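Q: Before anything else, here's the structure in question.
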Amino acid sequence: MEVKQVNKYTGIVEYYDLLMTSGYYDYKAQSNALAEVLHSCSSVLELGVGTGLIAEQLIKKMPEIDFVGIDFTEAMLEKSQERLGNNIALHHENILHMDLEKKFDAAFSNGGIWYFIESDQKEYIFCSHIPKIQDIIKSFHSVANHLNTEGRLILSVQGVHKNYEQDLADEVTYCQEIFPLPHSKFDKKYSFRRDRSIIAEQTCRYQLLSESTAKILLDECSFEFQCITPCRQYHVYRKVT
Ligand SMILES: C[S@@+](CC[C@H](N)C(=O)[O-])C[C@H]1O[C@@H](n2cnc3c(N)ncnc32)[C@H](O)[C@@H]1O
């Protein structure tokens, strides 16, 4: 099926924010788990900061931490800056070309550039906003270049992508449709409707990999698997060289 490609996130940020604050993620539980993993870190980089929702919770819990966020969607960053205030450093960067001239104790992606998906199989599934494998490897190298030795790379876990609808505030309904594609890719089309008319929509393409393939790629980029956090919210890797 042909899916109309819409500019990622452009013009959709307010509705996206409405969705994300309506229980799409459990930011309280996530930020508790993240703060535990980050307890010994003094600097952290968020990859795909979006509208700053997890960042806001984390900074509240760890006010001393040197927090930096990146995102390649300007409209998301603007919302994030508004939420976090001008003292928080946010950069308009694509991870593939990122050069922040700084190294961090940890970097995390919370439903951002890549994450893991729960599965009823033996392994989790790795899901990436970056569709080409060569670019996924490039993105791992890019993070590795921004981490101190022993620095942590932390990826969130989320549920399976499926078709569904959810009523939000202001008589807005969120509708999500998944379109499987060859080579373990899929398109996710989101739309926001009011009175049955589409008021905003977007389509994002994702690449899926098995957890073991992702581990091999991460290993090639000097990331060693360390653990999954107790409530299975995050996978933690460690930069070894
Ligand atoms: C679902 S949102 C992140 C949500 C946010 N981390 C939170 O917890 O609220 C995913 C973000 O990843 C960003 N993103 C995707 N690919 C990217 C890339 N290659 N470089 C930088 N940002 C990227 C998108 O622009 C989007 O804002």
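Residues are referred to by chain and number: the chain letter is A, B, ... according to the order shown in the structure tokens, the number counts from 1 in that chain, and ligands are numbered separately from 1 in the order shown.
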Among segment 111-175 of chain A, which ones does DSSP assign to helix (DSSP H, G or I) (computed from the backbone)? Answer as a list in words.
A: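 Going through segment 111-175 of chain A, the helix (DSSP H, G or I) residues come out as Ile133, Gln134, Asp135, Ile136, Ile137, Lys138, Ser139, Phe140, His141, Ser142, Val143, Ala144 and Asn145 of chain A.
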Q: Go ahead and save the picked residues with N, CA and C atoms, as a tab-separated table (two decimals), in the first residue's frame.
A:
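Output file part14.tsv is given in full below:
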```tsv
chain	number	residue	atom	x	y	z
A	133	ILE	N	21.03	0.12	7.48
A	133	ILE	CA	21.93	-0.53	8.45
A	133	ILE	C	23.26	0.24	8.54
A	134	GLN	N	23.80	0.64	7.38
A	134	GLN	CA	25.09	1.35	7.41
A	134	GLN	C	24.98	2.63	8.24
A	135	ASP	N	23.82	3.28	8.15
A	135	ASP	CA	23.61	4.51	8.93
A	135	ASP	C	23.40	4.21	10.42
A	136	ILE	N	22.80	3.04	10.71
A	136	ILE	CA	22.64	2.67	12.12
A	136	ILE	C	24.04	2.49	12.73
A	137	ILE	N	24.93	1.82	11.97
A	137	ILE	CA	26.31	1.63	12.47
A	137	ILE	C	26.99	3.00	12.66
A	138	LYS	N	26.77	3.87	11.66
A	138	LYS	CA	27.37	5.22	11.75
A	138	LYS	C	26.84	5.95	13.01
A	139	SER	N	25.56	5.76	13.28
A	139	SER	CA	24.98	6.45	14.45
A	139	SER	C	25.58	5.91	15.75
A	140	PHE	N	25.86	4.59	15.82
A	140	PHE	CA	26.48	4.03	17.03
A	140	PHE	C	27.90	4.58	17.19
A	141	HIS	N	28.64	4.69	16.06
A	141	HIS	CA	30.00	5.27	16.14
A	141	HIS	C	29.91	6.71	16.64
A	142	SER	N	28.91	7.42	16.15
A	142	SER	CA	28.75	8.82	16.53
A	142	SER	C	28.55	8.94	18.05
A	143	VAL	N	27.71	8.08	18.63
A	143	VAL	CA	27.51	8.14	20.09
A	143	VAL	C	28.81	7.76	20.80
A	144	ALA	N	29.45	6.69	20.29
A	144	ALA	CA	30.68	6.23	20.95
A	144	ALA	C	31.70	7.38	21.01
A	145	ASN	N	31.77	8.16	19.94
A	145	ASN	CA	32.71	9.30	19.91
A	145	ASN	C	32.36	10.39	20.92
```
Q: Leaving out Gln166 of chain A and any residue of its chain fewer than 6 positions from it, which residues lie within 7 Å of it when counting only C-alpha atoms, given as a list in words?
A: Thr173, Tyr174 and Cys175 of chain A
Q: Please, which residues in segment 166-189 of chain A fall within 10 Å of segment 205-229 of chain A when counting only C-alpha atoms, and what is the closest atom pair and distance in Å to one decimal for each, ordered by chain then residue number, as a tab-separated table?
A:
```
residue	atom	partner	partner_atom	distance
A:Ile178	CA	A:Arg205	CA	9.9
A:Phe179	CA	A:Arg205	CA	9.4
A:Pro180	CA	A:Tyr206	CA	9.7
A:Leu181	CA	A:Arg205	CA	9.4
A:His183	CA	A:Gln207	CA	8.2
A:Ser184	CA	A:Leu208	CA	5.3
A:Lys185	CA	A:Gln207	CA	4.4
A:Phe186	CA	A:Tyr206	CA	5.4
A:Asp187	CA	A:Arg205	CA	4.4
A:Lys188	CA	A:Arg205	CA	6.4
A:Lys189	CA	A:Arg205	CA	8.8
```
Q: Next, the residues of the selection above should be written as a JSON list (two decimals), in the first residue's frame with N, CA and C atoms.
A:
```json
[["chain", "number", "residue", "atom", "x", "y", "z"],
["A", 178, "ILE", "N", -0.07, 0.80, 11.25],
["A", 178, "ILE", "CA", 1.25, 0.22, 10.93],
["A", 178, "ILE", "C", 1.17, -0.43, 9.56],
["A", 179, "PHE", "N", 2.15, -0.12, 8.71],
["A", 179, "PHE", "CA", 2.22, -0.71, 7.37],
["A", 179, "PHE", "C", 3.52, -1.48, 7.22],
["A", 180, "PRO", "N", 3.48, -2.82, 7.35],
["A", 180, "PRO", "CA", 4.72, -3.60, 7.21],
["A", 180, "PRO", "C", 5.29, -3.46, 5.80],
["A", 181, "LEU", "N", 6.61, -3.44, 5.72],
["A", 181, "LEU", "CA", 7.32, -3.30, 4.43],
["A", 181, "LEU", "C", 8.35, -4.41, 4.33],
["A", 183, "HIS", "N", 12.03, -6.30, 4.00],
["A", 183, "HIS", "CA", 13.33, -6.12, 4.66],
["A", 183, "HIS", "C", 13.20, -5.59, 6.10],
["A", 184, "SER", "N", 12.19, -6.08, 6.82],
["A", 184, "SER", "CA", 12.00, -5.74, 8.24],
["A", 184, "SER", "C", 11.86, -4.24, 8.50],
["A", 185, "LYS", "N", 11.27, -3.55, 7.54],
["A", 185, "LYS", "CA", 10.96, -2.13, 7.77],
["A", 185, "LYS", "C", 9.44, -2.01, 7.96],
["A", 186, "PHE", "N", 9.02, -0.89, 8.53],
["A", 186, "PHE", "CA", 7.57, -0.60, 8.53],
["A", 186, "PHE", "C", 7.37, 0.90, 8.58],
["A", 187, "ASP", "N", 6.20, 1.32, 8.10],
["A", 187, "ASP", "CA", 5.80, 2.72, 8.23],
["A", 187, "ASP", "C", 4.75, 2.80, 9.32],
["A", 188, "LYS", "N", 4.88, 3.86, 10.12],
["A", 188, "LYS", "CA", 3.86, 4.11, 11.15],
["A", 188, "LYS", "C", 3.21, 5.44, 10.80],
["A", 189, "LYS", "N", 1.92, 5.38, 10.53],
["A", 189, "LYS", "CA", 1.21, 6.61, 10.16],
["A", 189, "LYS", "C", 0.37, 7.05, 11.35]]
```
Q: Name all residues at most 9 Å from Ala55 of chain A (count only C-alpha atoms; drop same-chain ones fewer than 2 positions away) and give them as a PyMOL selection string.
A: chain A and resi 31+46+49+51-53+57-60+67+69+80+84
Q: Deliver the residues from the most recent selection as a file, using N, CA and C atoms, as an mmCIF file, in the first residue's frame.
A:
```cif
data_model
loop_
_atom_site.group_PDB
_atom_site.id
_atom_site.type_symbol
_atom_site.label_atom_id
_atom_site.label_comp_id
_atom_site.auth_asym_id
_atom_site.auth_seq_id
_atom_site.Cartn_x
_atom_site.Cartn_y
_atom_site.Cartn_z
ATOM 1 N N SER A 31 11.617 7.884 34.370
ATOM 2 C CA SER A 31 12.660 8.767 34.889
ATOM 3 C C SER A 31 13.240 8.225 36.192
ATOM 4 N N GLU A 46 20.929 13.327 25.784
ATOM 5 C CA GLU A 46 19.720 12.646 25.295
ATOM 6 C C GLU A 46 19.675 12.696 23.777
ATOM 7 N N VAL A 49 15.590 14.193 21.779
ATOM 8 C CA VAL A 49 14.987 14.745 23.009
ATOM 9 C C VAL A 49 13.489 15.033 22.828
ATOM 10 N N THR A 51 10.011 16.623 22.636
ATOM 11 C CA THR A 51 9.498 17.848 23.265
ATOM 12 C C THR A 51 9.975 17.975 24.718
ATOM 13 N N GLY A 52 10.935 17.170 25.092
ATOM 14 C CA GLY A 52 11.606 17.370 26.387
ATOM 15 C C GLY A 52 10.889 16.765 27.579
ATOM 16 N N LEU A 53 9.987 15.825 27.340
ATOM 17 C CA LEU A 53 9.178 15.321 28.465
ATOM 18 C C LEU A 53 9.967 14.447 29.437
ATOM 19 N N GLN A 57 11.514 15.497 33.524
ATOM 20 C CA GLN A 57 11.429 14.671 34.741
ATOM 21 C C GLN A 57 12.820 14.351 35.286
ATOM 22 N N LEU A 58 13.722 14.033 34.366
ATOM 23 C CA LEU A 58 15.068 13.631 34.783
ATOM 24 C C LEU A 58 15.820 14.795 35.439
ATOM 25 N N ILE A 59 15.703 15.968 34.824
ATOM 26 C CA ILE A 59 16.410 17.144 35.359
ATOM 27 C C ILE A 59 15.859 17.507 36.748
ATOM 28 N N LYS A 60 14.554 17.295 36.938
ATOM 29 C CA LYS A 60 13.963 17.541 38.269
ATOM 30 C C LYS A 60 14.587 16.616 39.306
ATOM 31 N N PHE A 67 23.108 18.251 31.566
ATOM 32 C CA PHE A 67 22.223 17.613 30.582
ATOM 33 C C PHE A 67 22.334 18.336 29.242
ATOM 34 N N GLY A 69 20.714 17.879 25.138
ATOM 35 C CA GLY A 69 19.802 17.114 24.283
ATOM 36 C C GLY A 69 20.025 17.455 22.824
ATOM 37 N N SER A 80 10.777 21.806 23.233
ATOM 38 C CA SER A 80 11.614 21.286 24.303
ATOM 39 C C SER A 80 12.295 22.436 25.066
ATOM 40 N N LEU A 84 12.017 23.260 28.941
ATOM 41 C CA LEU A 84 13.169 23.052 29.836
ATOM 42 C C LEU A 84 13.839 24.358 30.258
#
```
Q: Write out as a list in words all residues of segment 129-167 of chain A that backbone DSSP assigns to strand (DSSP E or B).
A: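 Reading the DSSP output for segment 129-167 of chain A, strand (DSSP E or B) covers Leu147, Asn148, Thr149, Glu150, Gly151, Arg152, Leu153, Ile154, Leu155, Ser156, Val157, Gln158, Tyr164, Glu165, Gln166 and Asp167 of chain A.
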Q: Hey, which of A:Glu101, A:Ile113, A:Lys79, A:Ile65 ends up closest to ligand 1? Count only C-alpha atoms and all ligand atoms.
A: A:Ile113
